[in-house]
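model31.pdb follows; it contains PDB, C-alpha atoms.
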```
ATOM      1  CA  GLY A   1     -18.078   8.020  10.046  1.00  0.00           C
ATOM      2  CA  GLU A   2     -19.887  11.280  10.437  1.00  0.00           C
ATOM      3  CA  SER A   3     -21.233  12.018  13.861  1.00  0.00           C
ATOM      4  CA  VAL A   4     -22.654  14.862  15.841  1.00  0.00           C
ATOM      5  CA  GLY A   5     -22.699  14.475  19.588  1.00  0.00           C
ATOM      6  CA  LEU A   6     -23.228  16.312  22.809  1.00  0.00           C
ATOM      7  CA  HIS A   7     -20.920  16.439  25.807  1.00  0.00           C
ATOM      8  CA  LEU A   8     -23.646  16.380  28.457  1.00  0.00           C
ATOM      9  CA  PRO A   9     -26.877  14.410  28.270  1.00  0.00           C
ATOM     10  CA  THR A  10     -28.563  16.465  31.027  1.00  0.00           C
ATOM     11  CA  LEU A  11     -28.125  20.003  32.290  1.00  0.00           C
ATOM     12  CA  SER A  12     -29.771  21.553  35.336  1.00  0.00           C
ATOM     13  CA  VAL A  13     -29.658  25.335  35.786  1.00  0.00           C
ATOM     14  CA  GLN A  14     -31.134  27.853  38.164  1.00  0.00           C
ATOM     15  CA  GLU A  15     -33.929  29.983  36.782  1.00  0.00           C
ATOM     16  CA  GLY A  16     -32.492  33.297  35.668  1.00  0.00           C
ATOM     17  CA  ASP A  17     -28.999  31.942  35.102  1.00  0.00           C
ATOM     18  CA  ASN A  18     -27.442  31.471  31.695  1.00  0.00           C
ATOM     19  CA  SER A  19     -27.381  28.004  30.128  1.00  0.00           C
ATOM     20  CA  ILE A  20     -24.679  26.635  27.865  1.00  0.00           C
ATOM     21  CA  ILE A  21     -25.273  23.508  25.837  1.00  0.00           C
ATOM     22  CA  ASN A  22     -22.325  22.027  23.984  1.00  0.00           C
ATOM     23  CA  CYS A  23     -22.005  19.944  20.858  1.00  0.00           C
ATOM     24  CA  ALA A  24     -19.062  18.336  19.073  1.00  0.00           C
ATOM     25  CA  TYR A  25     -19.055  17.416  15.418  1.00  0.00           C
ATOM     26  CA  SER A  26     -16.630  15.210  13.523  1.00  0.00           C
ATOM     27  CA  ASN A  27     -17.182  16.044   9.849  1.00  0.00           C
ATOM     28  CA  SER A  28     -14.794  18.841   8.992  1.00  0.00           C
ATOM     29  CA  ALA A  29     -16.683  19.354   5.725  1.00  0.00           C
ATOM     30  CA  SER A  30     -19.829  20.451   7.570  1.00  0.00           C
ATOM     31  CA  ASP A  31     -20.517  24.105   6.979  1.00  0.00           C
ATOM     32  CA  TYR A  32     -24.010  24.650   8.309  1.00  0.00           C
ATOM     33  CA  PHE A  33     -25.198  24.000  11.849  1.00  0.00           C
ATOM     34  CA  ILE A  34     -28.591  24.179  13.472  1.00  0.00           C
ATOM     35  CA  TRP A  35     -29.987  24.089  16.998  1.00  0.00           C
ATOM     36  CA  TYR A  36     -33.403  22.643  17.752  1.00  0.00           C
ATOM     37  CA  LYS A  37     -35.582  22.614  20.860  1.00  0.00           C
ATOM     38  CA  GLN A  38     -37.971  19.765  21.491  1.00  0.00           C
ATOM     39  CA  GLU A  39     -40.683  19.910  24.109  1.00  0.00           C
ATOM     40  CA  SER A  40     -42.484  16.826  25.309  1.00  0.00           C
ATOM     41  CA  GLY A  41     -44.967  15.502  22.769  1.00  0.00           C
ATOM     42  CA  LYS A  42     -43.903  17.904  20.040  1.00  0.00           C
ATOM     43  CA  GLY A  43     -41.621  17.907  17.067  1.00  0.00           C
ATOM     44  CA  PRO A  44     -38.233  19.620  17.140  1.00  0.00           C
ATOM     45  CA  GLN A  45     -38.502  23.381  16.765  1.00  0.00           C
ATOM     46  CA  PHE A  46     -35.875  25.431  14.940  1.00  0.00           C
ATOM     47  CA  ILE A  47     -34.067  27.869  17.248  1.00  0.00           C
ATOM     48  CA  ILE A  48     -31.070  29.278  15.446  1.00  0.00           C
ATOM     49  CA  ASP A  49     -28.544  28.362  12.789  1.00  0.00           C
ATOM     50  CA  ILE A  50     -25.036  29.367  11.818  1.00  0.00           C
ATOM     51  CA  ARG A  51     -22.913  29.044   8.716  1.00  0.00           C
ATOM     52  CA  SER A  52     -19.255  28.128   8.855  1.00  0.00           C
ATOM     53  CA  ASN A  53     -18.157  31.572   7.702  1.00  0.00           C
ATOM     54  CA  MET A  54     -19.376  32.930  11.057  1.00  0.00           C
ATOM     55  CA  ASP A  55     -18.113  32.399  14.614  1.00  0.00           C
ATOM     56  CA  LYS A  56     -21.104  33.769  16.447  1.00  0.00           C
ATOM     57  CA  ARG A  57     -24.726  34.494  15.811  1.00  0.00           C
ATOM     58  CA  GLN A  58     -27.292  35.971  18.150  1.00  0.00           C
ATOM     59  CA  GLY A  59     -31.020  35.632  18.345  1.00  0.00           C
ATOM     60  CA  GLN A  60     -33.560  36.505  20.949  1.00  0.00           C
ATOM     61  CA  ARG A  61     -31.950  35.371  24.243  1.00  0.00           C
ATOM     62  CA  VAL A  62     -29.916  32.765  22.379  1.00  0.00           C
ATOM     63  CA  THR A  63     -26.412  32.830  20.985  1.00  0.00           C
ATOM     64  CA  VAL A  64     -24.676  30.149  18.968  1.00  0.00           C
ATOM     65  CA  LEU A  65     -20.886  29.946  18.932  1.00  0.00           C
ATOM     66  CA  LEU A  66     -18.917  27.963  16.390  1.00  0.00           C
ATOM     67  CA  ASN A  67     -15.297  26.958  16.827  1.00  0.00           C
ATOM     68  CA  LYS A  68     -14.185  25.259  13.633  1.00  0.00           C
ATOM     69  CA  THR A  69     -10.673  24.657  14.915  1.00  0.00           C
ATOM     70  CA  VAL A  70     -11.871  22.167  17.517  1.00  0.00           C
ATOM     71  CA  LYS A  71     -15.151  21.324  15.755  1.00  0.00           C
ATOM     72  CA  HIS A  72     -17.282  22.550  18.597  1.00  0.00           C
ATOM     73  CA  LEU A  73     -20.671  24.228  18.705  1.00  0.00           C
ATOM     74  CA  SER A  74     -22.462  25.743  21.669  1.00  0.00           C
ATOM     75  CA  LEU A  75     -25.863  27.222  22.404  1.00  0.00           C
ATOM     76  CA  GLN A  76     -26.123  29.877  25.073  1.00  0.00           C
ATOM     77  CA  ILE A  77     -29.485  30.774  26.548  1.00  0.00           C
ATOM     78  CA  ALA A  78     -29.585  33.978  28.540  1.00  0.00           C
ATOM     79  CA  ALA A  79     -31.716  34.349  31.675  1.00  0.00           C
ATOM     80  CA  THR A  80     -33.073  30.823  31.487  1.00  0.00           C
ATOM     81  CA  GLN A  81     -36.808  30.548  32.057  1.00  0.00           C
ATOM     82  CA  PRO A  82     -39.069  27.612  32.952  1.00  0.00           C
ATOM     83  CA  GLY A  83     -40.300  27.578  29.359  1.00  0.00           C
ATOM     84  CA  ASP A  84     -36.790  26.732  28.228  1.00  0.00           C
ATOM     85  CA  SER A  85     -37.093  23.272  29.724  1.00  0.00           C
ATOM     86  CA  ALA A  86     -36.756  20.889  26.798  1.00  0.00           C
ATOM     87  CA  VAL A  87     -34.346  18.654  24.947  1.00  0.00           C
ATOM     88  CA  TYR A  88     -31.932  20.535  22.715  1.00  0.00           C
ATOM     89  CA  PHE A  89     -30.377  19.021  19.597  1.00  0.00           C
ATOM     90  CA  CYS A  90     -27.582  20.221  17.428  1.00  0.00           C
ATOM     91  CA  ALA A  91     -27.458  19.234  13.772  1.00  0.00           C
ATOM     92  CA  GLU A  92     -24.957  19.543  10.965  1.00  0.00           C
ATOM     93  CA  THR A  93     -24.881  19.377   7.213  1.00  0.00           C
ATOM     94  CA  TYR A  94     -22.815  20.668   4.340  1.00  0.00           C
ATOM     95  CA  SER A  95     -23.650  22.605   1.228  1.00  0.00           C
ATOM     96  CA  SER A  96     -25.576  20.710  -1.412  1.00  0.00           C
ATOM     97  CA  ALA A  97     -26.243  17.862   0.991  1.00  0.00           C
ATOM     98  CA  SER A  98     -29.809  16.726   1.388  1.00  0.00           C
ATOM     99  CA  LYS A  99     -29.164  14.955   4.661  1.00  0.00           C
ATOM    100  CA  ILE A 100     -28.929  16.597   8.059  1.00  0.00           C
ATOM    101  CA  ILE A 101     -27.327  14.671  10.902  1.00  0.00           C
ATOM    102  CA  PHE A 102     -28.604  15.138  14.430  1.00  0.00           C
ATOM    103  CA  GLY A 103     -26.864  14.751  17.743  1.00  0.00           C
ATOM    104  CA  SER A 104     -28.359  12.702  20.552  1.00  0.00           C
ATOM    105  CA  GLY A 105     -29.722  15.669  22.533  1.00  0.00           C
ATOM    106  CA  THR A 106     -29.286  17.376  25.907  1.00  0.00           C
ATOM    107  CA  ARG A 107     -32.111  17.711  28.369  1.00  0.00           C
ATOM    108  CA  LEU A 108     -32.258  21.126  30.021  1.00  0.00           C
ATOM    109  CA  SER A 109     -34.079  21.339  33.335  1.00  0.00           C
ATOM    110  CA  ILE A 110     -34.714  24.535  35.276  1.00  0.00           C
ATOM    111  CA  ARG A 111     -34.525  24.795  39.071  1.00  0.00           C
ATOM    112  CA  PRO A 112     -36.868  27.366  40.591  1.00  0.00           C
TER     113      PRO A 112
ATOM    114  CA  ASP B 113     -45.612  23.922  12.762  1.00  0.00           C
ATOM    115  CA  ALA B 114     -44.588  25.409   9.402  1.00  0.00           C
ATOM    116  CA  GLY B 115     -47.670  24.061   7.624  1.00  0.00           C
ATOM    117  CA  ILE B 116     -46.946  20.381   8.221  1.00  0.00           C
ATOM    118  CA  THR B 117     -49.629  17.872   9.147  1.00  0.00           C
ATOM    119  CA  GLN B 118     -48.901  14.306  10.074  1.00  0.00           C
ATOM    120  CA  SER B 119     -51.622  11.666  10.194  1.00  0.00           C
ATOM    121  CA  PRO B 120     -52.530   9.736  12.135  1.00  0.00           C
ATOM    122  CA  ARG B 121     -51.115  11.201  15.352  1.00  0.00           C
ATOM    123  CA  HIS B 122     -51.353   7.833  17.096  1.00  0.00           C
ATOM    124  CA  LYS B 123     -51.565   4.320  15.693  1.00  0.00           C
ATOM    125  CA  VAL B 124     -51.593   0.877  17.263  1.00  0.00           C
ATOM    126  CA  THR B 125     -51.179  -2.045  14.914  1.00  0.00           C
ATOM    127  CA  GLU B 126     -50.308  -5.699  15.012  1.00  0.00           C
ATOM    128  CA  THR B 127     -47.095  -7.331  13.871  1.00  0.00           C
ATOM    129  CA  GLY B 128     -47.200  -8.254  10.205  1.00  0.00           C
ATOM    130  CA  THR B 129     -49.764  -5.688   9.139  1.00  0.00           C
ATOM    131  CA  PRO B 130     -49.012  -2.900   6.655  1.00  0.00           C
ATOM    132  CA  VAL B 131     -49.080   0.658   7.897  1.00  0.00           C
ATOM    133  CA  THR B 132     -48.954   3.951   6.024  1.00  0.00           C
ATOM    134  CA  LEU B 133     -48.167   7.281   7.631  1.00  0.00           C
ATOM    135  CA  ARG B 134     -48.920  10.493   5.834  1.00  0.00           C
ATOM    136  CA  CYS B 135     -47.171  13.835   5.800  1.00  0.00           C
ATOM    137  CA  HIS B 136     -48.870  16.808   4.197  1.00  0.00           C
ATOM    138  CA  GLN B 137     -47.274  20.234   3.703  1.00  0.00           C
ATOM    139  CA  THR B 138     -48.714  23.526   2.566  1.00  0.00           C
ATOM    140  CA  GLU B 139     -45.360  25.305   2.053  1.00  0.00           C
ATOM    141  CA  ASN B 140     -44.593  23.981  -1.438  1.00  0.00           C
ATOM    142  CA  HIS B 141     -41.151  22.930  -0.205  1.00  0.00           C
ATOM    143  CA  ARG B 142     -39.047  20.696  -2.390  1.00  0.00           C
ATOM    144  CA  TYR B 143     -37.461  18.506   0.290  1.00  0.00           C
ATOM    145  CA  MET B 144     -39.339  16.200   2.626  1.00  0.00           C
ATOM    146  CA  TYR B 145     -37.945  13.782   5.203  1.00  0.00           C
ATOM    147  CA  TRP B 146     -39.046  10.969   7.446  1.00  0.00           C
ATOM    148  CA  TYR B 147     -37.226  10.447  10.753  1.00  0.00           C
ATOM    149  CA  ARG B 148     -37.817   8.093  13.623  1.00  0.00           C
ATOM    150  CA  GLN B 149     -37.007   8.990  17.193  1.00  0.00           C
ATOM    151  CA  ASP B 150     -36.211   6.420  19.843  1.00  0.00           C
ATOM    152  CA  PRO B 151     -34.762   6.766  23.352  1.00  0.00           C
ATOM    153  CA  GLY B 152     -30.994   6.569  23.190  1.00  0.00           C
ATOM    154  CA  HIS B 153     -30.882   6.972  19.419  1.00  0.00           C
ATOM    155  CA  GLY B 154     -32.078  10.477  18.789  1.00  0.00           C
ATOM    156  CA  LEU B 155     -33.434  11.327  15.351  1.00  0.00           C
ATOM    157  CA  ARG B 156     -32.539   8.898  12.595  1.00  0.00           C
ATOM    158  CA  LEU B 157     -33.266   9.456   8.931  1.00  0.00           C
ATOM    159  CA  ILE B 158     -35.406   6.799   7.251  1.00  0.00           C
ATOM    160  CA  HIS B 159     -35.985   8.202   3.770  1.00  0.00           C
ATOM    161  CA  TYR B 160     -36.110  11.581   2.142  1.00  0.00           C
ATOM    162  CA  SER B 161     -37.413  13.125  -1.052  1.00  0.00           C
ATOM    163  CA  TYR B 162     -35.857  15.853  -3.162  1.00  0.00           C
ATOM    164  CA  GLY B 163     -38.762  16.201  -5.535  1.00  0.00           C
ATOM    165  CA  VAL B 164     -41.863  14.501  -6.880  1.00  0.00           C
ATOM    166  CA  LYS B 165     -41.060  10.829  -7.420  1.00  0.00           C
ATOM    167  CA  ASP B 166     -37.451  11.452  -6.338  1.00  0.00           C
ATOM    168  CA  THR B 167     -36.534   9.687  -3.127  1.00  0.00           C
ATOM    169  CA  ASP B 168     -33.465   8.270  -1.453  1.00  0.00           C
ATOM    170  CA  LYS B 169     -32.613   6.113   1.532  1.00  0.00           C
ATOM    171  CA  GLY B 170     -31.470   7.283   4.904  1.00  0.00           C
ATOM    172  CA  GLU B 171     -29.542   5.425   7.583  1.00  0.00           C
ATOM    173  CA  VAL B 172     -32.406   3.190   8.777  1.00  0.00           C
ATOM    174  CA  SER B 173     -34.415   2.496   5.628  1.00  0.00           C
ATOM    175  CA  ASP B 174     -34.782  -1.284   5.934  1.00  0.00           C
ATOM    176  CA  GLY B 175     -38.435  -2.281   6.308  1.00  0.00           C
ATOM    177  CA  TYR B 176     -39.717   1.066   5.059  1.00  0.00           C
ATOM    178  CA  SER B 177     -40.756   2.448   1.708  1.00  0.00           C
ATOM    179  CA  VAL B 178     -41.868   5.910   0.659  1.00  0.00           C
ATOM    180  CA  SER B 179     -43.756   7.570  -2.114  1.00  0.00           C
ATOM    181  CA  ARG B 180     -44.167  11.126  -3.278  1.00  0.00           C
ATOM    182  CA  SER B 181     -46.644  11.506  -6.083  1.00  0.00           C
ATOM    183  CA  LYS B 182     -47.185  15.231  -5.516  1.00  0.00           C
ATOM    184  CA  THR B 183     -45.259  18.017  -3.863  1.00  0.00           C
ATOM    185  CA  GLU B 184     -47.426  18.301  -0.783  1.00  0.00           C
ATOM    186  CA  ASP B 185     -47.624  14.653   0.273  1.00  0.00           C
ATOM    187  CA  PHE B 186     -44.928  12.225   1.423  1.00  0.00           C
ATOM    188  CA  LEU B 187     -46.057   8.774   2.495  1.00  0.00           C
ATOM    189  CA  LEU B 188     -44.123   6.338   4.670  1.00  0.00           C
ATOM    190  CA  THR B 189     -45.143   2.674   4.460  1.00  0.00           C
ATOM    191  CA  LEU B 190     -44.200  -0.186   6.712  1.00  0.00           C
ATOM    192  CA  GLU B 191     -44.879  -3.171   4.477  1.00  0.00           C
ATOM    193  CA  SER B 192     -45.070  -5.627   7.380  1.00  0.00           C
ATOM    194  CA  ALA B 193     -44.806  -3.937  10.746  1.00  0.00           C
ATOM    195  CA  THR B 194     -42.480  -5.356  13.394  1.00  0.00           C
ATOM    196  CA  SER B 195     -42.172  -4.541  17.085  1.00  0.00           C
ATOM    197  CA  SER B 196     -38.804  -2.888  16.411  1.00  0.00           C
ATOM    198  CA  GLN B 197     -40.665  -0.284  14.379  1.00  0.00           C
ATOM    199  CA  THR B 198     -42.504   0.954  17.435  1.00  0.00           C
ATOM    200  CA  SER B 199     -41.359   4.544  17.538  1.00  0.00           C
ATOM    201  CA  VAL B 200     -42.295   8.175  17.089  1.00  0.00           C
ATOM    202  CA  TYR B 201     -42.110   9.190  13.446  1.00  0.00           C
ATOM    203  CA  PHE B 202     -41.451  12.752  12.404  1.00  0.00           C
ATOM    204  CA  CYS B 203     -41.875  14.321   9.021  1.00  0.00           C
ATOM    205  CA  ALA B 204     -39.815  17.364   8.122  1.00  0.00           C
ATOM    206  CA  ILE B 205     -39.657  19.773   5.218  1.00  0.00           C
ATOM    207  CA  ARG B 206     -36.964  22.008   3.842  1.00  0.00           C
ATOM    208  CA  GLY B 207     -37.133  24.717   1.240  1.00  0.00           C
ATOM    209  CA  GLY B 208     -33.681  24.373  -0.233  1.00  0.00           C
ATOM    210  CA  ALA B 209     -30.702  22.071   0.076  1.00  0.00           C
ATOM    211  CA  ASP B 210     -28.172  24.731   0.970  1.00  0.00           C
ATOM    212  CA  ASN B 211     -28.087  26.324   4.388  1.00  0.00           C
ATOM    213  CA  SER B 212     -31.720  26.047   5.327  1.00  0.00           C
ATOM    214  CA  PRO B 213     -33.155  24.306   8.377  1.00  0.00           C
ATOM    215  CA  LEU B 214     -35.654  21.485   8.550  1.00  0.00           C
ATOM    216  CA  HIS B 215     -39.087  22.236   9.953  1.00  0.00           C
ATOM    217  CA  PHE B 216     -40.831  19.377  11.696  1.00  0.00           C
ATOM    218  CA  GLY B 217     -44.357  18.152  12.163  1.00  0.00           C
ATOM    219  CA  ASN B 218     -45.621  17.038  15.561  1.00  0.00           C
ATOM    220  CA  GLY B 219     -45.053  13.362  14.949  1.00  0.00           C
ATOM    221  CA  THR B 220     -46.919  10.078  14.778  1.00  0.00           C
ATOM    222  CA  ARG B 221     -46.623   7.667  17.676  1.00  0.00           C
ATOM    223  CA  LEU B 222     -46.732   4.136  16.288  1.00  0.00           C
ATOM    224  CA  THR B 223     -47.041   1.079  18.491  1.00  0.00           C
ATOM    225  CA  VAL B 224     -46.635  -2.380  16.974  1.00  0.00           C
ATOM    226  CA  THR B 225     -47.952  -5.119  19.252  1.00  0.00           C
TER     227      THR B 225
END
```
Could you show the structure in this file as structure tokens?
Amino acid sequence: GESVGLHLPTLSVQEGDNSIINCAYSNSASDYFIWYKQESGKGPQFIIDIRSNMDKRQGQRVTVLLNKTVKHLSLQIAATQPGDSAVYFCAETYSSASKIIFGSGTRLSIRP
Amino acid sequence: DAGITQSPRHKVTETGTPVTLRCHQTENHRYMYWYRQDPGHGLRLIHYSYGVKDTDKGEVSDGYSVSRSKTEDFLLTLESATSSQTSVYFCAIRGGADNSPLHFGNGTRLTVT
């Protein structure tokens, strides 16, 4: 069946370093992907999205890379800060679909 | 929080009692969703709505019903709460079906004793 998963359940990085969070998806029909950040006690917060006609998209300190050949998605956070500590989810869907499927999440922790 | 209010924020109830959670949006978005989040399971879709009085089941719909009588409100009802329904429930909204993200509320923590 369809699934969206993450390679690493936890990631610890030094403050100031770059973080890379990975995600694999299995539905080759998916054409829209989203990254969310969830802080403790809050709902998931939209970070960035990418459509399948793109390989890369940049936001403020974040970059999402999409490799459709191997069905892989990554989120890069530049100069990681303590405020980046959270659980990060990837999600996938396809055009005209009402449902969005979420991965299980990666916890990002920052070492001072 | 993209104009989404969930109520109550916390609820403790006993097994066998009915419970209704409310989601209210001020964005006039067409799509509304109910998810539950549990350790080890991530976010799982319970039900969603694609318009007033138009709803469909998600992957974990058993034991839950929903209603949407107006655009701004989406209600989730547990007809007879069970301990397995102890969870954090999130409502989300989406403006369009194609290539638009969900925006989430801050959740309702439900404990069934």
### Message
Evaluated on this file, the PyMOL selection byres ((chain A) within 10 of (chain B)) picks out some residues - which ones are they, written as an NGL selection string?
### Response
:A and (31-36 or 41-51 or 89 or 91-105)
Could you write out that same residue set with C-alpha atoms as a short mmCIF file (atom, residue, chain, number, x, y, z; two decimals), in the frame of the given file?
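Writing done, so here's selection.cif:
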```cif
data_model
loop_
_atom_site.label_atom_id
_atom_site.label_comp_id
_atom_site.auth_asym_id
_atom_site.auth_seq_id
_atom_site.Cartn_x
_atom_site.Cartn_y
_atom_site.Cartn_z
CA ASP A 31 -20.52 24.10 6.98
CA TYR A 32 -24.01 24.65 8.31
CA PHE A 33 -25.20 24.00 11.85
CA ILE A 34 -28.59 24.18 13.47
CA TRP A 35 -29.99 24.09 17.00
CA TYR A 36 -33.40 22.64 17.75
CA GLY A 41 -44.97 15.50 22.77
CA LYS A 42 -43.90 17.90 20.04
CA GLY A 43 -41.62 17.91 17.07
CA PRO A 44 -38.23 19.62 17.14
CA GLN A 45 -38.50 23.38 16.76
CA PHE A 46 -35.88 25.43 14.94
CA ILE A 47 -34.07 27.87 17.25
CA ILE A 48 -31.07 29.28 15.45
CA ASP A 49 -28.54 28.36 12.79
CA ILE A 50 -25.04 29.37 11.82
CA ARG A 51 -22.91 29.04 8.72
CA PHE A 89 -30.38 19.02 19.60
CA ALA A 91 -27.46 19.23 13.77
CA GLU A 92 -24.96 19.54 10.96
CA THR A 93 -24.88 19.38 7.21
CA TYR A 94 -22.82 20.67 4.34
CA SER A 95 -23.65 22.60 1.23
CA SER A 96 -25.58 20.71 -1.41
CA ALA A 97 -26.24 17.86 0.99
CA SER A 98 -29.81 16.73 1.39
CA LYS A 99 -29.16 14.96 4.66
CA ILE A 100 -28.93 16.60 8.06
CA ILE A 101 -27.33 14.67 10.90
CA PHE A 102 -28.60 15.14 14.43
CA GLY A 103 -26.86 14.75 17.74
CA SER A 104 -28.36 12.70 20.55
CA GLY A 105 -29.72 15.67 22.53
#
```
### Query
Do you have the atom CA of Ser85 of chain A-atom CA of Thr63 of chain A distance handy?
16.8 Å
Kindly compute an axis-aligned box around the listed atoms of segment 186-195 of chain B, allowing 4 Å on each side, and express its centre and edge lengths in Å to one decimal as AutoDock Vina command-line options.
```
--center_x -44.1 --center_y 3.3 --center_z 9.3 --size_x 11.9 --size_y 25.9 --size_z 23.7
```
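Comparing the minimum interatomic distances between Asp185 of chain B and each of B:Val164, B:Ile158, B:Leu222, B:Val131, counting only C-alpha atoms, we find that B:Val164 sits nearest.
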Could you spell out the hits of the PyMOL selection byres ((chain A and resi 54-56) around 9) on the shown file, as a PDB file with C-alpha atoms, keeping the file's coordinate frame?
```
ATOM      1  CA  ILE A  50     -25.036  29.367  11.818  1.00  0.00           C
ATOM      2  CA  ARG A  51     -22.913  29.044   8.716  1.00  0.00           C
ATOM      3  CA  SER A  52     -19.255  28.128   8.855  1.00  0.00           C
ATOM      4  CA  ASN A  53     -18.157  31.572   7.702  1.00  0.00           C
ATOM      5  CA  ARG A  57     -24.726  34.494  15.811  1.00  0.00           C
ATOM      6  CA  GLN A  58     -27.292  35.971  18.150  1.00  0.00           C
ATOM      7  CA  THR A  63     -26.412  32.830  20.985  1.00  0.00           C
ATOM      8  CA  VAL A  64     -24.676  30.149  18.968  1.00  0.00           C
ATOM      9  CA  LEU A  65     -20.886  29.946  18.932  1.00  0.00           C
ATOM     10  CA  LEU A  66     -18.917  27.963  16.390  1.00  0.00           C
ATOM     11  CA  ASN A  67     -15.297  26.958  16.827  1.00  0.00           C
ATOM     12  CA  LYS A  68     -14.185  25.259  13.633  1.00  0.00           C
TER      13      LYS A  68
END
```
### Task
May I ask for the distance between atom CA of Leu187 of chain B and atom CA of Glu126 of chain B, given in Å to one decimal place?
19.6 Å
### Message
Starting from the PyMOL selection byres ((chain A and resi 106) around 8), expand the selection into actual residues of this file and give them as number ranges by chain.
### Response
A: 6, 8-11, 21, 87-89, 104-105, 107-108
